[in-house]
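Novice: So I've got this file, structure-v3.txt, and it contains compact mmCIF, C-alpha atoms:
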```
# COMPACT_ATOMS: atom_id res chain seq x y z
CA MET A 1 1.46 18.81 4.39
CA ARG A 2 -2.08 17.41 4.37
CA ILE A 3 -2.53 13.64 4.33
CA HIS A 4 -5.73 11.73 3.75
CA TYR A 5 -5.91 7.98 4.28
CA ILE A 6 -8.58 5.45 3.37
CA ILE A 7 -9.16 2.46 5.65
CA HIS A 8 -10.95 -0.68 4.43
CA ALA A 9 -11.21 -2.75 7.61
CA PRO A 10 -10.93 -2.05 11.36
CA PHE A 11 -7.92 -4.37 11.64
CA GLU A 12 -5.96 -2.90 8.69
CA LYS A 13 -4.80 0.32 10.31
CA LEU A 14 -2.01 2.75 9.45
CA GLY A 15 0.60 0.94 11.51
CA MET A 16 3.89 2.81 11.57
CA ILE A 17 2.52 5.38 9.09
CA GLU A 18 0.65 6.87 12.05
CA SER A 19 3.85 7.41 14.07
CA TRP A 20 5.55 8.95 11.00
CA ILE A 21 2.68 11.43 10.62
CA GLU A 22 2.83 12.31 14.31
CA LYS A 23 6.60 12.73 14.26
CA ASN A 24 6.40 15.16 11.35
CA GLN A 25 3.31 16.92 12.73
CA PHE A 26 1.47 16.72 9.41
CA GLN A 27 -2.25 17.40 9.10
CA VAL A 28 -4.19 14.17 8.72
CA SER A 29 -7.73 13.08 7.96
CA GLY A 30 -9.22 9.72 7.09
CA THR A 31 -12.18 7.90 5.60
CA HIS A 32 -13.44 4.45 6.58
CA THR A 33 -15.25 3.61 3.37
CA TYR A 34 -16.44 0.22 4.62
CA LYS A 35 -18.54 2.20 7.12
CA GLY A 36 -20.11 4.30 4.38
CA GLU A 37 -18.13 7.45 5.20
CA LYS A 38 -17.92 10.07 2.46
CA LEU A 39 -14.69 10.62 0.55
CA PRO A 40 -13.09 14.08 0.53
CA ASP A 41 -12.65 16.44 -2.39
CA VAL A 42 -9.24 16.08 -4.03
CA SER A 43 -8.41 19.65 -3.01
CA ALA A 44 -8.41 18.61 0.65
CA PHE A 45 -5.09 16.72 0.63
CA ASP A 46 -1.55 16.64 -0.76
CA LEU A 47 -0.94 12.92 -0.20
CA LEU A 48 -3.56 10.21 -0.56
CA ILE A 49 -2.84 6.86 1.11
CA LEU A 50 -4.99 3.88 0.11
CA MET A 51 -4.59 1.09 2.64
CA GLY A 52 -5.10 -2.65 2.29
CA GLY A 53 -8.21 -4.65 3.08
CA PRO A 54 -9.99 -7.98 2.64
CA GLN A 55 -12.06 -6.71 -0.30
CA SER A 56 -11.28 -7.65 -3.90
CA VAL A 57 -11.13 -5.12 -6.72
CA ARG A 58 -12.18 -8.00 -8.95
CA LYS A 59 -15.59 -7.92 -7.20
CA LEU A 60 -16.65 -4.29 -7.54
CA ASP A 61 -20.34 -5.21 -7.55
CA GLN A 62 -19.85 -6.65 -4.08
CA TYR A 63 -17.92 -3.57 -2.89
CA PRO A 64 -19.40 -0.68 -4.92
CA TYR A 65 -17.74 2.01 -2.78
CA LEU A 66 -14.41 0.94 -4.26
CA ARG A 67 -15.53 2.55 -7.52
CA ASP A 68 -15.63 5.92 -5.76
CA GLU A 69 -12.11 5.32 -4.43
CA ILE A 70 -10.88 4.51 -7.91
CA ALA A 71 -12.41 7.75 -9.19
CA LEU A 72 -10.80 9.73 -6.37
CA ALA A 73 -7.39 8.17 -7.03
CA LYS A 74 -7.71 8.93 -10.75
CA ASN A 75 -8.61 12.55 -10.03
CA ALA A 76 -5.78 12.88 -7.51
CA ILE A 77 -3.24 11.55 -10.00
CA GLN A 78 -4.52 13.88 -12.70
CA GLN A 79 -4.19 16.80 -10.28
CA GLY A 80 -0.55 15.94 -9.57
CA LYS A 81 -1.12 14.73 -6.02
CA ALA A 82 1.11 12.16 -4.37
CA VAL A 83 -0.65 8.81 -4.08
CA LEU A 84 0.48 5.69 -2.23
CA GLY A 85 -1.43 2.43 -2.46
CA ILE A 86 -0.71 -0.57 -0.26
CA CYS A 87 -1.98 -4.06 -1.20
CA LEU A 88 -5.65 -3.43 -2.07
CA GLY A 89 -4.66 0.22 -2.44
CA ALA A 90 -2.12 -0.67 -5.13
CA GLN A 91 -4.81 -2.54 -7.03
CA LEU A 92 -7.10 0.50 -6.79
CA ILE A 93 -4.38 2.73 -8.25
CA GLY A 94 -3.88 0.24 -11.06
CA GLU A 95 -7.61 0.34 -11.81
CA ALA A 96 -7.57 4.16 -11.73
CA LEU A 97 -4.86 4.07 -14.40
CA GLY A 98 -6.71 1.57 -16.58
CA ALA A 99 -5.04 -1.69 -15.49
CA ARG A 100 -7.30 -4.44 -14.19
CA ALA A 101 -6.41 -6.28 -11.01
CA GLU A 102 -5.92 -10.03 -11.29
CA GLN A 103 -5.64 -13.02 -9.02
CA SER A 104 -2.03 -13.55 -8.00
CA PRO A 105 -0.45 -16.84 -9.09
CA CYS A 106 0.13 -17.64 -5.43
CA ARG A 107 -1.40 -16.54 -2.14
CA GLU A 108 1.32 -14.92 -0.05
CA VAL A 109 1.03 -14.40 3.69
CA GLY A 110 4.24 -13.91 5.63
CA ILE A 111 7.64 -12.30 5.48
CA TYR A 112 9.36 -13.18 2.22
CA PRO A 113 11.74 -11.29 -0.08
CA VAL A 114 10.86 -9.29 -3.15
CA HIS A 115 13.34 -8.73 -5.95
CA ALA A 116 13.91 -5.36 -7.54
CA THR A 117 13.70 -5.13 -11.32
CA GLN A 118 16.45 -3.67 -13.46
CA GLU A 119 14.39 -0.47 -13.80
CA ALA A 120 14.29 -0.10 -10.01
CA ALA A 121 17.95 0.95 -10.04
CA ALA A 122 16.84 4.32 -11.47
CA ASP A 123 13.87 4.76 -9.14
CA PRO A 124 14.25 7.57 -6.55
CA PHE A 125 13.08 5.29 -3.73
CA PHE A 126 13.99 1.76 -4.80
CA LYS A 127 17.55 2.70 -5.72
CA GLN A 128 18.17 3.12 -1.97
CA LEU A 129 17.27 -0.51 -1.32
CA PRO A 130 19.06 -3.84 -1.84
CA LYS A 131 18.23 -5.85 -4.95
CA ALA A 132 16.33 -8.26 -2.71
CA PHE A 133 14.74 -7.40 0.64
CA ASP A 134 12.13 -8.78 3.00
CA VAL A 135 8.62 -7.37 3.14
CA ILE A 136 5.32 -8.44 4.67
CA HIS A 137 2.87 -10.13 2.32
CA TRP A 138 -0.84 -10.66 2.88
CA HIS A 139 -2.73 -11.02 -0.39
CA ASN A 140 -4.52 -13.17 -2.95
CA ASP A 141 -4.74 -10.59 -5.76
CA MET A 142 -2.25 -8.33 -7.50
CA PRO A 143 -2.48 -5.04 -9.40
CA GLY A 144 -2.44 -4.71 -13.14
CA LEU A 145 0.53 -2.85 -14.59
CA PRO A 146 -0.71 0.52 -15.89
CA LYS A 147 0.45 1.83 -19.25
CA GLY A 148 3.30 4.27 -18.72
CA SER A 149 4.20 2.88 -15.29
CA VAL A 150 7.44 1.21 -14.20
CA LEU A 151 7.48 -2.26 -12.66
CA LEU A 152 9.81 -2.10 -9.67
CA ALA A 153 9.63 -5.45 -7.88
CA SER A 154 8.40 -9.02 -8.11
CA SER A 155 8.50 -12.11 -5.91
CA ALA A 156 8.59 -15.85 -6.35
CA GLY A 157 4.83 -15.99 -5.84
CA CYS A 158 3.72 -12.77 -7.51
CA PRO A 159 5.12 -11.04 -10.64
CA ARG A 160 3.80 -7.55 -9.82
CA GLN A 161 4.82 -6.45 -6.35
CA ALA A 162 5.46 -2.73 -6.90
CA PHE A 163 5.12 -0.08 -9.58
CA ARG A 164 5.58 3.66 -9.97
CA TYR A 165 3.62 6.04 -12.17
CA GLY A 166 5.17 9.45 -12.76
CA ASP A 167 7.38 10.60 -9.92
CA ARG A 168 4.95 10.47 -6.97
CA VAL A 169 2.48 7.62 -7.42
CA TYR A 170 3.46 4.23 -5.99
CA GLY A 171 1.58 0.97 -5.77
CA LEU A 172 3.00 -1.59 -3.33
CA GLN A 173 1.37 -5.00 -3.30
CA PHE A 174 3.34 -5.81 -0.17
CA HIS A 175 3.22 -4.20 3.28
CA LEU A 176 5.92 -2.13 4.95
CA GLU A 177 3.69 -0.48 7.55
CA ILE A 178 2.61 -3.46 9.67
CA THR A 179 3.80 -3.31 13.27
CA PRO A 180 3.84 -6.29 15.68
CA GLU A 181 0.58 -5.09 17.23
CA LEU A 182 -1.08 -4.76 13.85
CA MET A 183 0.24 -8.19 12.85
CA ARG A 184 -1.51 -9.76 15.84
CA ASP A 185 -4.77 -8.00 14.92
CA MET A 186 -4.60 -9.29 11.34
CA ILE A 187 -3.88 -12.84 12.50
CA GLU A 188 -6.87 -12.68 14.83
CA HIS A 189 -9.27 -11.45 12.14
CA CYS A 190 -7.90 -13.28 9.09
CA ARG A 191 -7.01 -16.76 10.31
CA ASP A 192 -8.54 -18.35 7.21
CA ASP A 193 -5.73 -16.72 5.19
CA LEU A 194 -3.17 -18.81 7.10
CA LYS A 195 -4.12 -22.14 5.55
CA PRO A 196 -0.86 -23.92 4.61
CA SER A 197 0.50 -23.10 1.17
CA ASP A 198 3.86 -22.57 -0.54
CA TYR A 199 4.14 -18.92 0.53
CA VAL A 200 2.11 -18.84 3.73
CA GLN A 201 3.72 -18.74 7.16
CA THR A 202 2.16 -19.82 10.44
CA ALA A 203 0.84 -17.36 13.02
CA GLU A 204 3.79 -18.25 15.26
CA GLN A 205 6.27 -17.44 12.49
CA LEU A 206 4.56 -14.13 11.80
CA VAL A 207 4.55 -12.84 15.37
CA ASN A 208 8.13 -13.89 16.13
CA GLN A 209 9.87 -11.91 13.39
CA ASP A 210 11.49 -8.51 13.75
CA VAL A 211 9.84 -5.99 11.41
CA THR A 212 12.02 -3.01 12.34
CA ALA A 213 13.96 -2.97 9.05
CA ILE A 214 10.72 -3.36 7.10
CA ASN A 215 9.10 -0.43 8.90
CA GLN A 216 12.18 1.70 8.21
CA LYS A 217 11.63 1.22 4.47
CA MET A 218 8.08 2.52 4.90
CA GLU A 219 9.49 5.65 6.48
CA LYS A 220 11.88 6.13 3.56
CA ILE A 221 9.18 6.05 0.90
CA LEU A 222 7.00 8.40 2.95
CA ASP A 223 9.95 10.78 3.32
CA TYR A 224 10.45 10.68 -0.44
CA LEU A 225 6.81 11.48 -1.18
CA ALA A 226 6.87 14.31 1.36
CA SER A 227 9.93 15.75 -0.38
CA CYS A 228 8.12 15.67 -3.74
CA ILE A 229 5.22 17.60 -2.25
CA ALA A 230 7.53 20.11 -0.57
CA LYS A 231 9.31 20.80 -3.88
CA THR A 232 5.98 21.39 -5.62
CA LYS A 233 4.90 23.84 -2.93
CA VAL A 234 8.17 25.78 -3.26
CA LYS A 235 7.76 26.05 -7.03
CA SER A 236 4.20 27.35 -6.66
CA THR A 237 5.17 30.18 -4.29
```
Could you write out this file's structure as structure tokens?
Specialist:
Amino acid sequence: MRIHYIIHAPFEKLGMIESWIEKNQFQVSGTHTYKGEKLPDVSAFDLLILMGGPQSVRKLDQYPYLRDEIALAKNAIQQGKAVLGICLGAQLIGEALGARAEQSPCREVGIYPVHATQEAAADPFFKQLPKAFDVIHWHNDMPGLPKGSVLLASSAGCPRQAFRYGDRVYGLQFHLEITPELMRDMIEHCRDDLKPSDYVQTAEQLVNQDVTAINQKMEKILDYLASCIAKTKVKST
């Protein structure tokens, strides 16, 4: 399987996604669009992963390269590729499917629960999870809900935390990939995000929590997407 990831900031890395790729010995390539690197052709990958970042999809004039990412995501979805968007990446997928990103009702930074919707019980990934489970939040915005998609989760501070489009396109406003090392990097580079608020934890709270169970959920959704791709490849042979 061929994976292509898009990175939006030097401190928002793949986290445990990198170890999952290495464990499965998948082919991997990446683009750091904030550096001006060129995006690949859609034929170059089976799974596209759009990572988070400090940029806002609501300010495309300020970050014009995000328009190219939206176009790539749209093309990938049309071509039947698997696409996973995390935080900013989820908002980019929403835009690719015609749903505008919005400011979230609340800024969320920390480990707080999300709550699965009733429709999540029929989702191939979310049905494996409890009705409420902890995730890592680090956002001000949220994705729009694309027409034809399924809302899968919400939180006390944000009504659109996860959605699925088709059987292999997921947008997750929250993070499952952040490791303790990556958490420390984000705290170092984004301290302004930690200003006290209803759903914002302190740096000390963030670094002292066990994220093992959260990372395991990231592995499960990646395993599911890999299985979708494997089934497609079998059918085409």
Novice: Go through range 18-121 of chain A residue by residue and, counting all atoms listed in the file, keep those with an atom at most 7 Å from range 161-171 of chain A; for each kept residue give the shortest atom pair and its distance in Å to one decimal, ordered by chain and increasing number, as a tab-separated table.
Specialist:
```
residue	atom	partner	partner_atom	distance
A:Ala82	CA	A:Arg168	CA	4.9
A:Val83	CA	A:Val169	CA	4.7
A:Leu84	CA	A:Tyr170	CA	5.0
A:Gly85	CA	A:Gly171	CA	4.7
A:Ile86	CA	A:Gly171	CA	6.2
A:Ala90	CA	A:Gly171	CA	4.1
A:Ile93	CA	A:Gly171	CA	6.7
```
Novice: Hey, can you check how far CA of Leu47 in chain A sits from CA of Arg67 in chain A?
Specialist: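 These atoms are spaced 19.3 Å apart.
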Novice: Go through A:Lys147, A:Lys195, A:Lys59, A:Lys35 and flag the residue nearest Gly110 in chain A, using only C-alpha atoms for the distances.
Specialist: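 Of all the options, A:Lys195 lies closest to Gly110 in chain A.
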Novice: List every residue of range 90-133 of chain A that has an atom at most 8 Å from any atom of range 197-208 of chain A, and for each one report the closest atom pair and its distance in Å to one decimal, counting all atoms listed in the file, with rows sorted by chain and then by increasing residue number, as a tab-separated table.
Specialist:
```
residue	atom	partner	partner_atom	distance
A:Cys106	CA	A:Tyr199	CA	7.3
A:Arg107	CA	A:Tyr199	CA	6.6
A:Glu108	CA	A:Tyr199	CA	4.9
A:Val109	CA	A:Val200	CA	4.6
A:Gly110	CA	A:Gln201	CA	5.1
A:Ile111	CA	A:Leu206	CA	7.3
A:Tyr112	CA	A:Tyr199	CA	7.9
```
Novice: Mind checking which residues fall within 9 Å of range 54-56 of chain A, counting all atoms listed in the file, ignoring those fewer than 2 positions away in the same chain, and posting them as a list in words?
Specialist: His8, Ala9, Glu12, Gly52, Arg58, Lys59, Leu60, Gln62, Tyr63, Leu66, Leu88, Gln91, Ala101, His139, Asn140, Asp141 and Cys190 of chain A
Novice: Would you work out the distance separating CA of Val28 in chain A from CA of Pro143 in chain A, expressed in Å to one decimal?
Specialist: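 Here the two named atoms are 26.5 Å from each other.
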Novice: Please measure the separation of CA of Cys87 in chain A and CA of Val135 in chain A, giving the value in Å to one decimal.
Specialist: 11.9 Å
Novice: May I have the residues within 8 Å of Leu151 in chain A as a PyMOL selection string, using all atoms listed in the file and disregarding those fewer than 2 positions away in the same chain?
Specialist: chain A and resi 117+119-120+145+149+153+160+162-164
Novice: Closest to Ala96 in chain A among A:Glu219, A:Glu188, A:Asp61, A:Glu69, using all atoms listed in the file?
Specialist: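 Ranked by minimum distance to Ala96 in chain A, first place goes to A:Glu69.
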Novice: Of the residues A:Gln128, A:Thr33, A:Thr232, A:Asn75, which is the one nearest to Leu48 in chain A, using only C-alpha atoms?
Specialist: A:Asn75
